[in-house]
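What follows is the content of protein.txt (compact mmCIF, C-alpha atoms).
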```
# COMPACT_ATOMS: atom_id res chain seq x y z
CA MET A 164 23.20 76.74 2.39
CA ILE A 165 20.75 79.45 3.41
CA GLY A 166 19.93 79.39 7.13
CA LYS A 167 18.06 82.69 7.56
CA LEU A 168 16.44 85.38 5.43
CA LYS A 169 15.97 88.96 6.63
CA GLY A 170 14.17 91.33 4.30
CA THR A 171 10.70 92.61 3.40
CA ILE A 172 7.62 90.62 2.55
CA ASP A 173 6.84 90.83 -1.16
CA GLU A 174 3.94 88.38 -1.36
CA ILE A 175 2.11 85.85 0.80
CA ALA A 176 0.41 82.95 -1.00
CA GLU A 177 -1.45 79.84 0.20
CA ASP A 178 1.63 77.72 0.93
CA HIS A 179 4.58 80.08 0.53
CA CYS A 180 5.79 83.64 0.75
CA ILE A 181 8.28 85.71 -1.22
CA ILE A 182 10.72 87.67 0.87
CA ASP A 183 12.77 90.40 -0.81
CA VAL A 184 16.37 90.55 0.35
CA HIS A 185 18.22 93.47 -1.29
CA GLY A 186 16.21 93.15 -4.49
CA VAL A 187 16.30 89.35 -4.73
CA GLY A 188 12.98 87.58 -4.13
CA TYR A 189 13.29 84.26 -2.29
CA VAL A 190 10.37 81.81 -2.29
CA ALA A 191 9.99 80.13 1.09
CA TYR A 192 7.43 77.38 1.69
CA CYS A 193 5.91 77.70 5.16
CA SER A 194 3.25 76.23 7.42
CA THR A 195 -0.04 78.11 7.37
CA ARG A 196 0.66 79.03 11.01
CA THR A 197 3.92 80.76 10.04
CA LEU A 198 2.33 82.48 7.05
CA ALA A 199 -0.50 83.80 9.24
CA ASN A 200 2.01 85.34 11.64
CA LEU A 201 3.96 87.19 8.96
CA PRO A 202 3.53 90.96 8.62
CA GLY A 203 1.95 92.48 5.52
CA ALA A 204 3.55 93.13 2.14
CA GLY A 205 6.35 95.69 2.32
CA GLU A 206 7.03 95.10 6.00
CA ALA A 207 10.24 93.72 7.50
CA ALA A 208 10.40 90.03 8.35
CA VAL A 209 12.86 87.34 9.40
CA LEU A 210 12.51 83.67 8.52
CA LEU A 211 14.68 80.80 9.63
CA ILE A 212 15.35 78.62 6.60
CA GLU A 213 15.85 74.94 5.87
CA THR A 214 17.40 74.51 2.41
CA TYR A 215 16.71 71.39 0.34
CA VAL A 216 18.93 70.79 -2.67
CA ARG A 217 18.07 68.13 -5.25
CA GLU A 218 19.23 67.44 -8.77
CA ASP A 219 16.15 69.09 -10.24
CA MET A 220 15.45 71.88 -7.74
CA ILE A 221 16.44 73.97 -4.76
CA ARG A 222 13.62 74.61 -2.30
CA LEU A 223 13.56 76.82 0.80
CA TYR A 224 11.32 76.14 3.80
CA GLY A 225 10.69 79.04 6.17
CA PHE A 226 9.95 79.04 9.90
CA GLY A 227 9.03 81.65 12.44
CA SER A 228 10.96 79.97 15.26
CA ALA A 229 13.89 77.62 15.79
CA LEU A 230 11.56 75.20 17.59
CA GLU A 231 9.27 74.91 14.57
CA ARG A 232 12.28 74.23 12.34
CA GLU A 233 13.53 71.54 14.73
CA TRP A 234 10.16 69.76 14.59
CA PHE A 235 10.25 69.96 10.79
CA ARG A 236 13.60 68.15 10.89
CA LEU A 237 12.52 65.68 13.57
CA LEU A 238 9.40 64.61 11.72
CA GLN A 239 11.27 63.83 8.52
CA ASN A 240 14.41 62.33 10.00
CA ASN A 241 12.71 60.02 12.49
CA VAL A 242 9.35 58.99 11.03
CA GLN A 243 9.04 56.76 7.98
CA GLY A 244 6.65 58.15 5.38
CA VAL A 245 6.92 61.77 6.53
CA GLY A 246 8.43 64.17 4.01
CA ALA A 247 8.50 67.95 3.84
CA LYS A 248 4.87 68.26 2.69
CA VAL A 249 3.47 66.12 5.52
CA ALA A 250 5.75 67.79 8.09
CA LEU A 251 4.45 71.22 7.06
CA ALA A 252 0.86 69.93 7.21
CA VAL A 253 1.42 68.75 10.79
CA LEU A 254 2.98 72.07 11.79
CA SER A 255 0.15 73.94 10.08
CA THR A 256 -2.35 72.09 12.27
CA LEU A 257 -0.46 71.91 15.58
CA SER A 258 1.98 74.32 17.18
CA PRO A 259 5.25 72.78 18.48
CA SER A 260 3.92 72.67 22.05
CA GLU A 261 0.58 71.18 20.92
CA LEU A 262 2.43 68.53 18.92
CA ALA A 263 4.64 67.68 21.90
CA ASN A 264 1.54 67.39 24.11
CA ALA A 265 -0.26 65.17 21.58
CA ILE A 266 2.75 62.85 21.35
CA ALA A 267 3.16 62.69 25.14
CA LEU A 268 -0.54 61.86 25.60
CA ARG A 269 -0.43 59.39 22.67
CA ASP A 270 -3.28 61.38 21.12
CA ILE A 271 -3.17 59.83 17.65
CA ALA A 272 -6.48 61.44 16.64
CA MET A 273 -5.07 64.91 17.34
CA VAL A 274 -2.05 64.32 15.09
CA ALA A 275 -4.25 62.72 12.41
CA ARG A 276 -6.18 66.01 12.07
CA ALA A 277 -3.38 67.28 9.82
CA PRO A 278 -4.26 67.09 6.08
CA GLY A 279 -2.68 64.06 4.43
CA VAL A 280 -1.84 62.40 7.74
CA GLY A 281 -3.78 59.18 8.19
CA LYS A 282 -4.09 57.14 11.35
CA LYS A 283 -1.07 54.93 10.51
CA VAL A 284 1.27 57.88 9.92
CA ALA A 285 -0.06 59.64 13.04
CA GLU A 286 0.59 56.50 15.06
CA ARG A 287 4.15 56.32 13.73
CA ILE A 288 4.72 59.98 14.64
CA VAL A 289 3.48 59.40 18.20
CA THR A 290 5.50 56.20 18.62
CA GLU A 291 8.77 57.28 17.02
CA LEU A 292 8.94 60.71 18.65
CA LYS A 293 7.72 59.93 22.18
CA SER A 294 11.26 59.97 23.62
CA LYS A 295 12.08 63.25 21.86
CA ALA A 296 8.95 65.23 22.76
CA PRO A 297 10.20 66.49 26.18
CA ALA A 298 13.28 68.12 24.65
CA TYR A 299 11.18 69.95 22.04
CA ALA A 300 8.11 70.81 24.11
CA GLY A 301 8.73 74.57 24.24
CA GLU A 302 6.14 76.26 26.44
CA ALA A 303 4.62 72.84 27.26
CA SER A 304 7.81 71.57 28.94
CA GLY A 305 6.43 72.11 32.45
CA THR A 306 3.66 69.52 32.03
CA ILE A 307 5.16 67.12 29.49
CA GLY A 308 6.31 64.58 32.10
CA LEU A 309 2.83 64.20 33.56
CA LYS A 310 1.32 63.90 30.09
CA GLN A 311 3.77 61.15 29.17
CA GLU A 312 2.75 59.23 32.29
CA LEU A 313 -0.90 59.60 31.30
CA GLY A 314 -0.18 58.56 27.73
CA GLU A 315 1.67 55.45 28.88
CA GLY A 316 -0.97 54.59 31.47
CA VAL A 317 1.42 54.80 34.44
CA ALA A 318 0.17 57.98 36.12
CA PRO A 319 -0.94 57.56 39.77
CA ALA A 320 -4.62 56.65 40.07
CA PRO A 321 -5.79 59.95 41.68
CA ILE A 322 -4.18 61.93 38.86
CA ALA A 323 -5.54 59.68 36.10
CA ASP A 324 -9.02 59.76 37.70
CA ALA A 325 -8.95 63.57 38.00
CA VAL A 326 -7.94 64.01 34.35
CA SER A 327 -10.63 61.52 33.29
CA ALA A 328 -13.25 63.44 35.28
CA LEU A 329 -12.38 66.72 33.52
CA VAL A 330 -12.44 64.97 30.14
CA ASN A 331 -15.93 63.67 30.98
CA LEU A 332 -16.95 67.29 31.62
CA GLY A 333 -16.06 68.11 28.02
CA TYR A 334 -12.46 69.32 28.24
CA SER A 335 -9.82 67.93 25.89
CA ARG A 336 -7.29 65.53 27.40
CA ASP A 337 -4.53 68.06 26.86
CA VAL A 338 -6.40 70.90 28.60
CA ALA A 339 -7.48 68.57 31.42
CA ALA A 340 -3.92 67.32 31.97
CA THR A 341 -2.55 70.87 32.05
CA ALA A 342 -5.18 71.88 34.62
CA ILE A 343 -4.43 68.89 36.84
CA ALA A 344 -0.70 69.60 36.59
CA GLY A 345 -1.47 73.05 38.00
CA ALA A 346 -3.64 71.45 40.69
CA ILE A 347 -0.80 69.14 41.74
CA LYS A 348 1.48 72.14 42.24
CA ALA A 349 -1.12 73.74 44.51
CA ALA A 350 -2.15 70.59 46.42
CA GLY A 351 1.07 68.59 46.58
CA GLU A 352 1.84 65.09 45.36
CA GLY A 353 -0.37 63.16 47.80
CA ALA A 354 -3.71 64.84 47.04
CA ASP A 355 -6.74 62.67 46.31
CA SER A 356 -8.69 62.86 43.07
CA ALA A 357 -11.55 64.93 44.54
CA LYS A 358 -9.16 67.67 45.63
CA LEU A 359 -7.34 67.59 42.30
CA ILE A 360 -10.62 67.89 40.41
CA ARG A 361 -11.70 70.87 42.54
CA LEU A 362 -8.36 72.64 42.08
CA GLY A 363 -8.24 71.67 38.42
CA LEU A 364 -11.59 73.37 37.84
CA LYS A 365 -10.23 76.48 39.55
CA GLU A 366 -7.28 76.41 37.14
CA LEU A 367 -9.68 76.19 34.21
CA ALA A 368 -11.75 79.11 35.53
CA ARG A 369 -8.77 81.49 35.54
```

For the file at hand, write its structure as structure tokens.
Amino acid sequence: MIGKLKGTIDEIAEDHCIIDVHGVGYVAYCSTRTLANLPGAGEAAVLLIETYVREDMIRLYGFGSALEREWFRLLQNNVQGVGAKVALAVLSTLSPSELANAIALRDIAMVARAPGVGKKVAERIVTELKSKAPAYAGEASGTIGLKQELGEGVAPAPIADAVSALVNLGYSRDVAATAIAGAIKAAGEGADSAKLIRLGLKELAR
């Protein structure tokens, strides 16, 4: 099994790239996010690889980070109806931390933005992976607990009210929750909603 490729970029196409390793060109299918972050043709690159072997083909999937590869595995192994194509579509639309946030907040509409992912599949992703999101949140790990409380409707009233107020001002639920998480750190656990809103707006203004 191939776990990593280190070579030079030969070609970048719409859904894959060719990476030259000592004169052998390997085709790796990647999310559009990974493809966009690759260097230009002729430049050095490293891709983490997931190898799929079937009777009729061998296919390589490439990832820019271990976290992205883990989400690729999680989506397929834990959610009915999600194969490699849908998993890549989700990871093309949402970064690992954005996906973890969407799952924690039960933001089905956010997940459903991915091409080929309808509301039912998005709902299954959110439901089946809610317990796994904290472990794979990456840079979002600091706020994932609060977002899960909001998604499950069990967050304390001042916090829920503060997030709702920022959402009503036009911020996304994810951005609002992150700002209020920062406000809680500054104000302490017992702050009322008015104080959290004020500090949350300061966080957003940074």

Review point. Using all atoms listed in the file, which of the listed residues (A:Gly333, A:Pro278, A:Pro321, A:Gly316) sits closest to Asp355 (chain A)?
Key: A:Pro321

**Study point:** Shortest interatomic distance to Pro259 (chain A) - which of A:Gly186, A:Gly314, A:Gly301, A:Gly279, counting all atoms listed in the file
**Key:** A:Gly301

Set out as CSV a contact list for region 255-324 of chain A and region 230-251 of chain A with a cut-off of 9 Å, giving each residue of region 255-324 of chain A that qualifies its closest atom pair and distance in Å to one decimal, counting only C-alpha atoms, ordered by chain and rising residue number.
```
residue,atom,partner,partner_atom,distance
A:Ser255,CA,A:Leu251,CA,5.9
A:Thr256,CA,A:Leu251,CA,8.6
A:Ser258,CA,A:Glu231,CA,7.8
A:Pro259,CA,A:Glu231,CA,6.0
A:Leu262,CA,A:Trp234,CA,8.9
A:Ala277,CA,A:Val249,CA,8.2
A:Pro278,CA,A:Val249,CA,7.8
A:Gly279,CA,A:Val249,CA,6.6
A:Val280,CA,A:Val249,CA,6.9
A:Val284,CA,A:Gly244,CA,7.0
A:Arg287,CA,A:Val242,CA,6.4
A:Ile288,CA,A:Val242,CA,6.0
A:Thr290,CA,A:Val242,CA,9.0
A:Glu291,CA,A:Val242,CA,6.3
A:Leu292,CA,A:Asn241,CA,7.3
A:Lys295,CA,A:Leu237,CA,8.7
A:Tyr299,CA,A:Leu230,CA,6.9
A:Ala300,CA,A:Leu230,CA,8.6
A:Gly301,CA,A:Leu230,CA,7.3
```

Mind working out the centre and edge lengths of an axis-aligned box for region 301-314 of chain A, all listed atoms inside, 3 Å added to each side, rounded to one decimal in Å and written as JSON?
```
{"center_x": 3.9, "center_y": 67.4, "center_z": 28.9, "size_x": 15.6, "size_y": 23.7, "size_z": 15.3}
```

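Using only C-alpha atoms, the protein and nucleic acid residues lying no more than 8 Å from region 349-352 of chain A, apart from those fewer than 5 places from it along its own chain, are A:Lys358, A:Leu359, A:Leu362.
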
**Study point:** One-decimal distance in Å that lies between CA of Thr341 (chain A) and CA of Thr306 (chain A)
**Key:** 6.4 Å

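Nearest to Ala208 (chain A) of all the residues A:Thr171, A:Thr195, A:Asn331, A:Ser228 is A:Thr171, counting only C-alpha atoms.
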
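The shortest atom-to-atom distance to Ile343 (chain A), with only C-alpha atoms taken into account, belongs to A:Val326 out of A:Ala263, A:Val326, A:Val274, A:Leu210.
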
Check your understanding: What is the distance, in Å and to one decimal place, between CA of Gly225 (chain A) and CA of Glu261 (chain A)?
Key -> 19.5 Å
